[in-house]
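Data from query.cif: mmCIF, C-alpha atoms and all ligand atoms
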data_target
#
loop_
_atom_site.group_PDB
_atom_site.id
_atom_site.type_symbol
_atom_site.label_atom_id
_atom_site.label_comp_id
_atom_site.auth_asym_id
_atom_site.auth_seq_id
_atom_site.Cartn_x
_atom_site.Cartn_y
_atom_site.Cartn_z
ATOM 1 C CA MET A 1376 121.371 104.479 114.218
ATOM 2 C CA LEU A 1377 121.390 102.926 110.771
ATOM 3 C CA LYS A 1378 122.170 99.404 109.680
ATOM 4 C CA THR A 1379 122.760 98.866 105.984
ATOM 5 C CA VAL A 1380 122.508 95.508 104.221
ATOM 6 C CA PRO A 1381 123.672 95.443 100.576
ATOM 7 C CA VAL A 1382 121.920 92.135 99.808
ATOM 8 C CA SER A 1383 119.070 91.174 102.074
ATOM 9 C CA SER A 1384 118.189 87.589 102.916
ATOM 10 C CA ASN A 1385 114.651 88.645 103.870
ATOM 11 C CA ARG A 1386 112.133 86.285 102.235
ATOM 12 C CA LYS A 1387 109.768 89.044 101.202
ATOM 13 C CA THR A 1388 112.128 91.725 99.902
ATOM 14 C CA GLY A 1389 114.334 89.214 98.140
ATOM 15 C CA PRO A 1390 117.997 89.977 97.451
ATOM 16 C CA ILE A 1391 117.849 93.772 97.356
ATOM 17 C CA ALA A 1392 119.538 96.431 99.493
ATOM 18 C CA VAL A 1393 117.753 97.312 102.742
ATOM 19 C CA THR A 1394 118.267 99.358 105.873
ATOM 20 C CA TYR A 1395 117.088 99.222 109.469
ATOM 21 C CA ARG A 1396 116.798 102.391 111.541
ATOM 22 C CA SER A 1397 116.579 102.546 115.309
ATOM 23 C CA GLY A 1398 116.865 105.132 118.031
ATOM 24 C CA THR A 1399 120.056 105.363 120.071
ATOM 25 C CA HIS A 1400 118.303 104.634 123.367
ATOM 26 C CA GLU A 1401 115.215 102.794 122.209
ATOM 27 C CA THR A 1402 114.878 100.496 119.214
ATOM 28 C CA TYR A 1403 111.440 102.015 118.529
ATOM 29 C CA GLY A 1404 112.789 105.552 119.039
ATOM 30 C CA THR A 1405 112.415 106.613 115.372
ATOM 31 C CA CYS A 1406 108.802 105.366 115.108
ATOM 32 C CA PRO A 1407 105.995 107.855 115.724
ATOM 33 C CA LYS A 1408 104.142 107.850 119.008
ATOM 34 C CA SER A 1409 100.949 107.871 116.976
ATOM 35 C CA CYS A 1410 101.571 104.473 115.339
ATOM 36 C CA ALA A 1411 98.767 102.088 116.286
ATOM 37 C CA LEU A 1412 101.120 99.098 115.934
ATOM 38 C CA HIS A 1413 103.742 100.567 118.303
ATOM 39 C CA PRO A 1414 103.891 98.357 121.399
ATOM 40 C CA LYS A 1415 105.313 101.145 123.614
ATOM 41 C CA ASN A 1416 103.926 104.409 122.231
ATOM 42 C CA GLU A 1417 105.330 106.512 125.041
ATOM 43 C CA THR A 1418 108.870 105.818 123.772
ATOM 44 C CA GLY A 1419 108.068 106.896 120.214
ATOM 45 C CA SER A 1420 108.979 110.036 118.338
ATOM 46 C CA ALA A 1421 106.818 113.171 118.142
ATOM 47 C CA GLU A 1422 108.439 114.715 115.079
ATOM 48 C CA ILE A 1423 110.111 113.842 111.812
ATOM 49 C CA ASP A 1424 113.907 114.120 111.769
ATOM 50 C CA ALA A 1425 114.309 116.864 109.141
ATOM 51 C CA GLU A 1426 118.003 116.208 108.463
ATOM 52 C CA TYR A 1427 117.446 112.493 108.048
ATOM 53 C CA LEU A 1428 114.351 113.022 105.889
ATOM 54 C CA GLN A 1429 116.278 115.148 103.409
ATOM 55 C CA ALA A 1430 119.008 112.509 103.201
ATOM 56 C CA LEU A 1431 116.403 109.741 102.855
ATOM 57 C CA LEU A 1432 114.741 111.432 99.889
ATOM 58 C CA LYS A 1433 118.077 111.685 98.092
ATOM 59 C CA ALA A 1434 119.242 108.176 98.995
ATOM 60 C CA VAL A 1435 118.411 106.438 95.722
ATOM 61 C CA PRO A 1436 120.919 104.229 93.894
ATOM 62 C CA ARG A 1437 122.022 105.542 90.502
ATOM 63 C CA ARG A 1438 119.398 104.613 87.914
ATOM 64 C CA GLY A 1439 117.703 102.565 90.631
ATOM 65 C CA LYS A 1440 114.599 102.738 92.795
ATOM 66 C CA ALA A 1441 114.137 103.404 96.500
ATOM 67 C CA TRP A 1442 111.058 103.287 98.701
ATOM 68 C CA THR A 1443 109.940 103.064 102.271
ATOM 69 C CA TYR A 1444 106.880 103.403 104.515
ATOM 70 C CA SER A 1445 106.073 105.775 107.349
ATOM 71 C CA HIS A 1446 103.510 105.736 110.107
ATOM 72 C CA PHE A 1447 103.694 109.502 110.526
ATOM 73 C CA PRO A 1448 100.464 111.181 109.313
ATOM 74 C CA ALA A 1449 100.312 111.206 105.518
ATOM 75 C CA ALA A 1450 100.080 115.007 105.399
ATOM 76 C CA MET A 1451 103.500 115.223 107.089
ATOM 77 C CA LEU A 1452 105.157 113.068 104.432
ATOM 78 C CA PRO A 1453 106.739 114.722 101.391
ATOM 79 C CA LYS A 1454 105.727 113.688 97.901
ATOM 80 C CA ALA A 1455 108.681 112.181 96.099
ATOM 81 C CA GLY A 1456 110.079 114.273 93.292
ATOM 82 C CA PRO A 1457 111.699 112.686 90.230
ATOM 83 C CA GLY A 1458 114.468 110.314 91.284
ATOM 84 C CA GLU A 1459 113.662 110.549 94.999
ATOM 85 C CA THR A 1460 112.787 107.881 97.547
ATOM 86 C CA VAL A 1461 109.058 107.175 97.585
ATOM 87 C CA ILE A 1462 107.592 107.310 101.086
ATOM 88 C CA ASN A 1463 104.348 105.343 101.369
ATOM 89 C CA ALA A 1464 101.857 106.365 104.037
ATOM 90 C CA SER A 1465 101.388 103.344 106.310
ATOM 91 C CA CYS A 1466 97.717 103.360 107.241
ATOM 92 C CA ASP A 1467 95.698 101.414 109.792
ATOM 93 C CA THR A 1468 92.200 101.857 108.412
ATOM 94 C CA VAL A 1469 90.550 102.022 105.004
ATOM 95 C CA ASP A 1470 89.412 105.589 105.712
ATOM 96 C CA GLU A 1471 92.957 106.631 106.576
ATOM 97 C CA ALA A 1472 94.245 105.109 103.342
ATOM 98 C CA LEU A 1473 91.555 106.850 101.296
ATOM 99 C CA ALA A 1474 92.461 110.167 102.941
ATOM 100 C CA ALA A 1475 96.147 109.653 102.113
ATOM 101 C CA VAL A 1476 95.332 108.903 98.469
ATOM 102 C CA SER A 1477 93.082 111.953 98.310
ATOM 103 C CA ILE A 1478 96.036 114.223 99.150
ATOM 104 C CA GLY A 1479 98.266 112.505 96.616
ATOM 105 C CA ARG A 1480 100.266 110.160 98.835
ATOM 106 C CA PRO A 1481 100.860 106.532 97.878
ATOM 107 C CA ALA A 1482 99.355 104.430 100.658
ATOM 108 C CA VAL A 1483 99.552 100.952 102.131
ATOM 109 C CA ILE A 1484 97.418 99.405 104.831
ATOM 110 C CA ALA A 1485 98.032 96.713 107.458
ATOM 111 C CA VAL A 1486 94.885 94.657 108.021
ATOM 112 C CA PRO A 1487 93.913 91.892 110.473
ATOM 113 C CA SER A 1488 94.879 88.344 109.530
ATOM 114 C CA ASP A 1489 91.268 87.151 109.333
ATOM 115 C CA THR A 1490 90.468 89.564 106.480
ATOM 116 C CA SER A 1491 92.670 87.924 103.859
ATOM 117 C CA ASP A 1492 89.604 86.909 101.789
ATOM 118 C CA SER A 1493 88.338 90.507 101.682
ATOM 119 C CA TRP A 1494 90.855 91.664 99.074
ATOM 120 C CA PRO A 1495 91.041 92.865 96.366
ATOM 121 C CA ARG A 1496 88.185 95.303 96.590
ATOM 122 C CA VAL A 1497 87.290 98.792 95.415
ATOM 123 C CA VAL A 1498 86.260 101.359 98.009
ATOM 124 C CA GLU A 1499 84.977 104.756 96.884
ATOM 125 C CA GLY A 1500 86.693 104.285 93.540
ATOM 126 C CA THR A 1501 90.064 103.287 95.021
ATOM 127 C CA ARG A 1502 91.343 99.772 94.441
ATOM 128 C CA PHE A 1503 92.851 97.901 97.398
ATOM 129 C CA TYR A 1504 94.858 94.777 96.601
ATOM 130 C CA ARG A 1505 97.326 92.521 98.362
ATOM 131 C CA CYS A 1506 101.089 92.752 98.022
ATOM 132 C CA PRO A 1507 101.969 90.059 95.479
ATOM 133 C CA ALA A 1508 104.846 88.806 97.647
ATOM 134 C CA GLU A 1509 102.227 87.683 100.190
ATOM 135 C CA LEU A 1510 100.544 85.509 97.597
ATOM 136 C CA SER A 1511 103.539 83.508 96.414
ATOM 137 C CA ASP A 1512 106.542 82.176 98.320
ATOM 138 C CA SER A 1513 108.723 82.651 95.256
ATOM 139 C CA PHE A 1514 107.787 86.276 94.561
ATOM 140 C CA THR A 1515 109.736 89.164 96.137
ATOM 141 C CA CYS A 1516 110.093 92.944 95.880
ATOM 142 C CA LYS A 1517 112.914 92.301 93.424
ATOM 143 C CA ASP A 1518 110.365 90.736 91.042
ATOM 144 C CA CYS A 1519 107.643 93.313 91.621
ATOM 145 C CA GLY A 1520 106.322 95.595 88.902
ATOM 146 C CA ASN A 1521 108.644 94.565 86.045
ATOM 147 C CA GLY A 1522 111.495 96.819 87.161
ATOM 148 C CA SER A 1523 109.248 99.398 88.823
ATOM 149 C CA PRO A 1524 108.187 97.955 92.206
ATOM 150 C CA LEU A 1525 104.640 98.947 93.137
ATOM 151 C CA CYS A 1526 105.765 100.564 96.386
ATOM 152 C CA ALA A 1527 108.287 102.712 94.479
ATOM 153 C CA ARG A 1528 105.597 104.388 92.336
ATOM 154 C CA PRO A 1529 105.036 107.916 93.661
ATOM 155 C CA ASP A 1530 101.776 108.532 91.801
ATOM 156 C CA ARG A 1531 100.164 105.177 92.634
ATOM 157 C CA ARG A 1532 96.500 105.610 93.561
ATOM 158 C CA GLU A 1533 95.854 101.953 94.371
ATOM 159 C CA VAL A 1534 96.362 100.939 97.996
ATOM 160 C CA ILE A 1535 98.569 97.949 98.727
ATOM 161 C CA VAL A 1536 97.260 95.668 101.457
ATOM 162 C CA PHE A 1537 99.509 93.807 103.893
ATOM 163 C CA VAL A 1538 97.707 91.107 105.828
ATOM 164 C CA ALA A 1539 99.055 90.736 109.366
ATOM 165 C CA HIS A 1540 101.289 87.790 110.101
ATOM 166 C CA GLY A 1541 103.649 86.655 112.815
ATOM 167 C CA THR A 1542 103.246 86.570 116.558
ATOM 168 C CA GLY A 1543 101.704 90.051 116.823
ATOM 169 C CA ALA A 1544 99.125 89.489 114.070
ATOM 170 C CA LYS A 1545 96.172 89.232 116.466
ATOM 171 C CA LYS A 1546 96.832 92.766 117.718
ATOM 172 C CA VAL A 1547 96.669 94.394 114.262
ATOM 173 C CA GLY A 1548 93.437 96.339 113.962
ATOM 174 C CA THR A 1549 92.996 96.629 117.728
ATOM 175 C CA GLY A 1550 94.984 99.879 118.007
ATOM 176 C CA ARG A 1551 97.217 98.238 120.625
ATOM 177 C CA GLY A 1552 100.381 96.905 119.026
ATOM 178 C CA GLY A 1553 100.939 94.279 116.353
ATOM 179 C CA CYS A 1554 104.169 95.599 114.833
ATOM 180 C CA TYR A 1555 105.571 92.836 112.638
ATOM 181 C CA ALA A 1556 109.121 93.793 113.687
ATOM 182 C CA ALA A 1557 108.487 93.096 117.356
ATOM 183 C CA SER A 1558 109.748 89.517 117.165
ATOM 184 C CA GLY A 1559 111.606 87.014 115.022
ATOM 185 C CA PRO A 1560 114.581 87.638 112.706
ATOM 186 C CA VAL A 1561 113.518 91.226 111.905
ATOM 187 C CA ALA A 1562 113.539 92.092 115.611
ATOM 188 C CA LEU A 1563 117.035 90.614 115.990
ATOM 189 C CA GLN A 1564 118.372 92.734 113.118
ATOM 190 C CA TRP A 1565 116.630 95.803 114.455
ATOM 191 C CA HIS A 1566 117.872 95.491 118.024
ATOM 192 C CA GLY A 1567 121.358 94.911 116.593
ATOM 193 C CA THR A 1568 121.016 98.244 114.773
ATOM 194 C CA ARG A 1569 120.650 100.103 118.074
ATOM 195 C CA LYS A 1570 123.822 98.520 119.402
ATOM 196 C CA ALA A 1571 126.064 98.588 116.329
ATOM 197 C CA GLY A 1572 124.496 100.760 113.607
ATOM 198 C CA ALA A 1573 126.080 103.877 112.118
ATOM 199 C CA PRO A 1574 125.495 106.803 114.527
ATOM 200 C CA ASN A 1575 125.009 109.497 111.848
ATOM 201 C CA ASP A 1576 122.147 107.938 109.932
ATOM 202 C CA ALA A 1577 121.730 110.874 107.518
ATOM 203 C CA GLN A 1578 125.315 110.546 106.314
ATOM 204 C CA ALA A 1579 125.175 106.755 106.380
ATOM 205 C CA VAL A 1580 122.056 106.466 104.243
ATOM 206 C CA GLU A 1581 123.364 108.751 101.512
ATOM 207 C CA ALA A 1582 126.740 106.996 101.446
ATOM 208 C CA PHE A 1583 125.038 103.609 101.293
ATOM 209 C CA ALA A 1584 122.858 104.554 98.307
ATOM 210 C CA LYS A 1585 125.906 105.877 96.466
ATOM 211 C CA SER A 1586 127.814 102.649 97.118
ATOM 212 C CA LEU A 1587 125.216 100.414 95.458
ATOM 213 C CA PRO A 1588 125.512 99.178 91.864
ATOM 214 C CA PRO A 1589 123.586 101.200 89.254
ATOM 215 C CA GLY A 1590 120.004 100.047 88.853
ATOM 216 C CA SER A 1591 119.744 98.653 92.388
ATOM 217 C CA PHE A 1592 116.567 98.571 94.441
ATOM 218 C CA LEU A 1593 116.777 99.955 97.978
ATOM 219 C CA ARG A 1594 114.043 99.448 100.531
ATOM 220 C CA HIS A 1595 114.630 101.803 103.455
ATOM 221 C CA HIS A 1596 113.638 100.849 107.000
ATOM 222 C CA VAL A 1597 112.608 97.227 107.014
ATOM 223 C CA ALA A 1598 112.029 98.339 110.589
ATOM 224 C CA GLY A 1599 112.098 101.878 111.953
ATOM 225 C CA ASP A 1600 110.826 105.194 110.622
ATOM 226 C CA ALA A 1601 111.872 108.772 109.873
ATOM 227 C CA GLY A 1602 111.318 110.154 113.371
ATOM 228 C CA LYS A 1603 113.669 112.146 115.560
ATOM 229 C CA GLU A 1604 114.319 110.328 118.788
ATOM 230 C CA ALA A 1605 113.195 112.126 121.925
ATOM 231 C CA ARG A 1606 116.112 113.005 124.238
HETATM 232 S S1 LIG A 1701 103.882 95.487 96.625
HETATM 233 FE FE1 LIG A 1701 105.762 94.911 95.548
HETATM 234 S S2 LIG A 1701 107.322 96.420 96.228
HETATM 235 FE FE2 LIG A 1701 105.586 96.552 97.663
HETATM 236 S S3 LIG A 1701 106.167 95.182 99.367
HETATM 237 FE FE3 LIG A 1701 104.920 93.971 97.909
HETATM 238 S S4 LIG A 1701 106.380 92.998 96.529
HETATM 239 FE FE4 LIG A 1701 107.475 94.647 97.600
#
Rewrite the structure of this file - the entire thing - as structure tokens.
Ligand code: SF4
Amino acid sequence: MLKTVPVSSNRKTGPIAVTYRSGTHETYGTCPKSCALHPKNETGSAEIDAEYLQALLKAVPRRGKAWTYSHFPAAMLPKAGPGETVINASCDTVDEALAAVSIGRPAVIAVPSDTSDSWPRVVEGTRFYRCPAELSDSFTCKDCGNGSPLCARPDRREVIVFVAHGTGAKKVGTGRGGCYAASGPVALQWHGTRKAGAPNDAQAVEAFAKSLPPGSFLRHHVAGDAGKEAR
């Protein structure tokens, strides 16, 4: 199920286009079982939804940028070709992020809230630095990278760090939950997606990208992933 929002009111993304993706039966149904932040791993997905993935890669606004994040293993994620959606490998450890970079995948990492003073830092030649929208209340994805948001750069070798926040923050880094979309306004939007989103999410995501004004930014899956829901 796919919810599309032409102009988000999310504080961090700023006023750009976004989507939410949920399973039909379970809100977390498109997220991989392997995700360490998943609060109910047994309900997660074991495989990528191939039809949706192909549509996701193509779902880029004309002359615009599109990006997302996935908790599936980095090696399972396609590298974005020219003009395709950039899929960042969402990592849970520094070693995992380094491994993703080593195979040519742009990577991000979610880190515990008490490590905010540890960044930026360079590990084995790779620079890790915090998302700039976490460092200023007035900075959003719309402002990021002077027209080329950092998360939409397919060949980026630096790892972007997201410091945990919200009610689940204490669980990040424990391997037992901590998903930032488990509560608050994001959770409300996401649960609403399961009840009222478009049922054919592959068709819906392509149509949505085509409907956006030229030059738009589109951040796919504020919550959700590219998995195929288990039946
Ligand atoms: S690094 Fe830039 S594009 Fe990525 S989440 Fe932060 S502000 Fe948005």
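The gap separating CA of Asp1600 (chain A) from CA of Val1497 (chain A) is 28.7 Å, in Å to one decimal.
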message: Let me see if you get this right: every residue at most 9 Å from ligand LIG 1701 (chain A), counting only C-alpha atoms and all ligand atoms, written as a ChimeraX atom specification.
response: /A:1387-1389,1442,1483,1505-1509,1514-1520,1523-1527,1535-1537,1594
query: Evaluating the PyMOL selection byres (((chain A and resi 1427) around 12) and not hetatm) on the displayed file yields which residues, as a ChimeraX atom specification?
result: /A:1376-1377,1396,1405,1422-1426,1428-1434,1574-1581,1595,1600-1604
message: Once the PyMOL selection byres (((chain A and resi 1491-1495) around 8) and not hetatm) has been evaluated on this model, what residues remain selected, and can you format them as a list in words?
response: Pro1487, Ser1488, Asp1489, Thr1490, Arg1496, Val1497, Arg1502, Phe1503, Tyr1504, Arg1505, Val1536 and Val1538 of chain A
query: Which polymer residues have any atom within 7 Å of an atom of Lys1440 (chain A), counting all atoms listed in the file, with same-chain residues fewer than 5 positions away left out, as a count of residues only?
result: 5
- request: Determine, counting all atoms listed in the file, which protein, DNA and RNA residues have an atom within 10 Å of an atom of Thr1568 (chain A); residues of the same chain fewer than 4 positions away are not included. Present the result as a PyMOL selection string.
  value: chain A and resi 1376-1379+1394-1399+1402+1562-1564+1572-1574+1598
Store the residues picked out above, limited to C-alpha atoms, as a short mmCIF file (atom, residue, chain, number, x, y, z; two decimals), keeping the file's coordinate frame.
data_model
loop_
_atom_site.label_atom_id
_atom_site.label_comp_id
_atom_site.auth_asym_id
_atom_site.auth_seq_id
_atom_site.Cartn_x
_atom_site.Cartn_y
_atom_site.Cartn_z
CA MET A 1376 121.37 104.48 114.22
CA LEU A 1377 121.39 102.93 110.77
CA LYS A 1378 122.17 99.40 109.68
CA THR A 1379 122.76 98.87 105.98
CA THR A 1394 118.27 99.36 105.87
CA TYR A 1395 117.09 99.22 109.47
CA ARG A 1396 116.80 102.39 111.54
CA SER A 1397 116.58 102.55 115.31
CA GLY A 1398 116.86 105.13 118.03
CA THR A 1399 120.06 105.36 120.07
CA THR A 1402 114.88 100.50 119.21
CA ALA A 1562 113.54 92.09 115.61
CA LEU A 1563 117.04 90.61 115.99
CA GLN A 1564 118.37 92.73 113.12
CA GLY A 1572 124.50 100.76 113.61
CA ALA A 1573 126.08 103.88 112.12
CA PRO A 1574 125.50 106.80 114.53
CA ALA A 1598 112.03 98.34 110.59
#
Nearby residues (only C-alpha atoms) at most 12 Å from Gly1500 (chain A), same-chain spacing under 4 positions excluded, as a PyMOL selection string: chain A and resi 1473+1476-1477+1496+1532-1534
Write out the residues from the selection above, keeping C-alpha atoms, as a PDB file, keeping the file's coordinate frame.
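And here's part.pdb as it stands now:
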ATOM      1  CA  LEU A1473      91.555 106.850 101.296  1.00  0.00           C
ATOM      2  CA  VAL A1476      95.332 108.903  98.469  1.00  0.00           C
ATOM      3  CA  SER A1477      93.082 111.953  98.310  1.00  0.00           C
ATOM      4  CA  ARG A1496      88.185  95.303  96.590  1.00  0.00           C
ATOM      5  CA  ARG A1532      96.500 105.610  93.561  1.00  0.00           C
ATOM      6  CA  GLU A1533      95.854 101.953  94.371  1.00  0.00           C
ATOM      7  CA  VAL A1534      96.362 100.939  97.996  1.00  0.00           C
TER       8      VAL A1534
END
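Rounded to one decimal, CA of Pro1407 (chain A) and CA of Ser1445 (chain A) lie 8.6 Å from each other.
Atom pair CA of Ala1455 (chain A) / CA of Arg1438 (chain A): separated by 15.5 Å.
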field: Residue nearest Ala1411 (chain A) among A:Lys1454, A:Arg1531, A:Lys1570, A:His1446 (counting all atoms listed in the file)
entry: A:His1446
- request: Just the residues within 6 Å of Ala1482 (chain A), please, counting all atoms listed in the file, with nothing from its chain fewer than 2 positions along; format it as number ranges by chain.
  value: A: 1463-1464, 1472, 1534
query: Exactly which residues make up the result of the PyMOL selection byres (((chain A and resi 1380) around 6) and not hetatm) on this file, given as a VMD selection string?
result: chain A and resid 1379 1381 to 1383 1392 to 1394
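Distance annotation: of A:Thr1501, A:Ser1420, A:Thr1460, A:Ser1513, the residue with the minimal separation from Cys1406 (chain A) is A:Ser1420; atom set is only C-alpha atoms.
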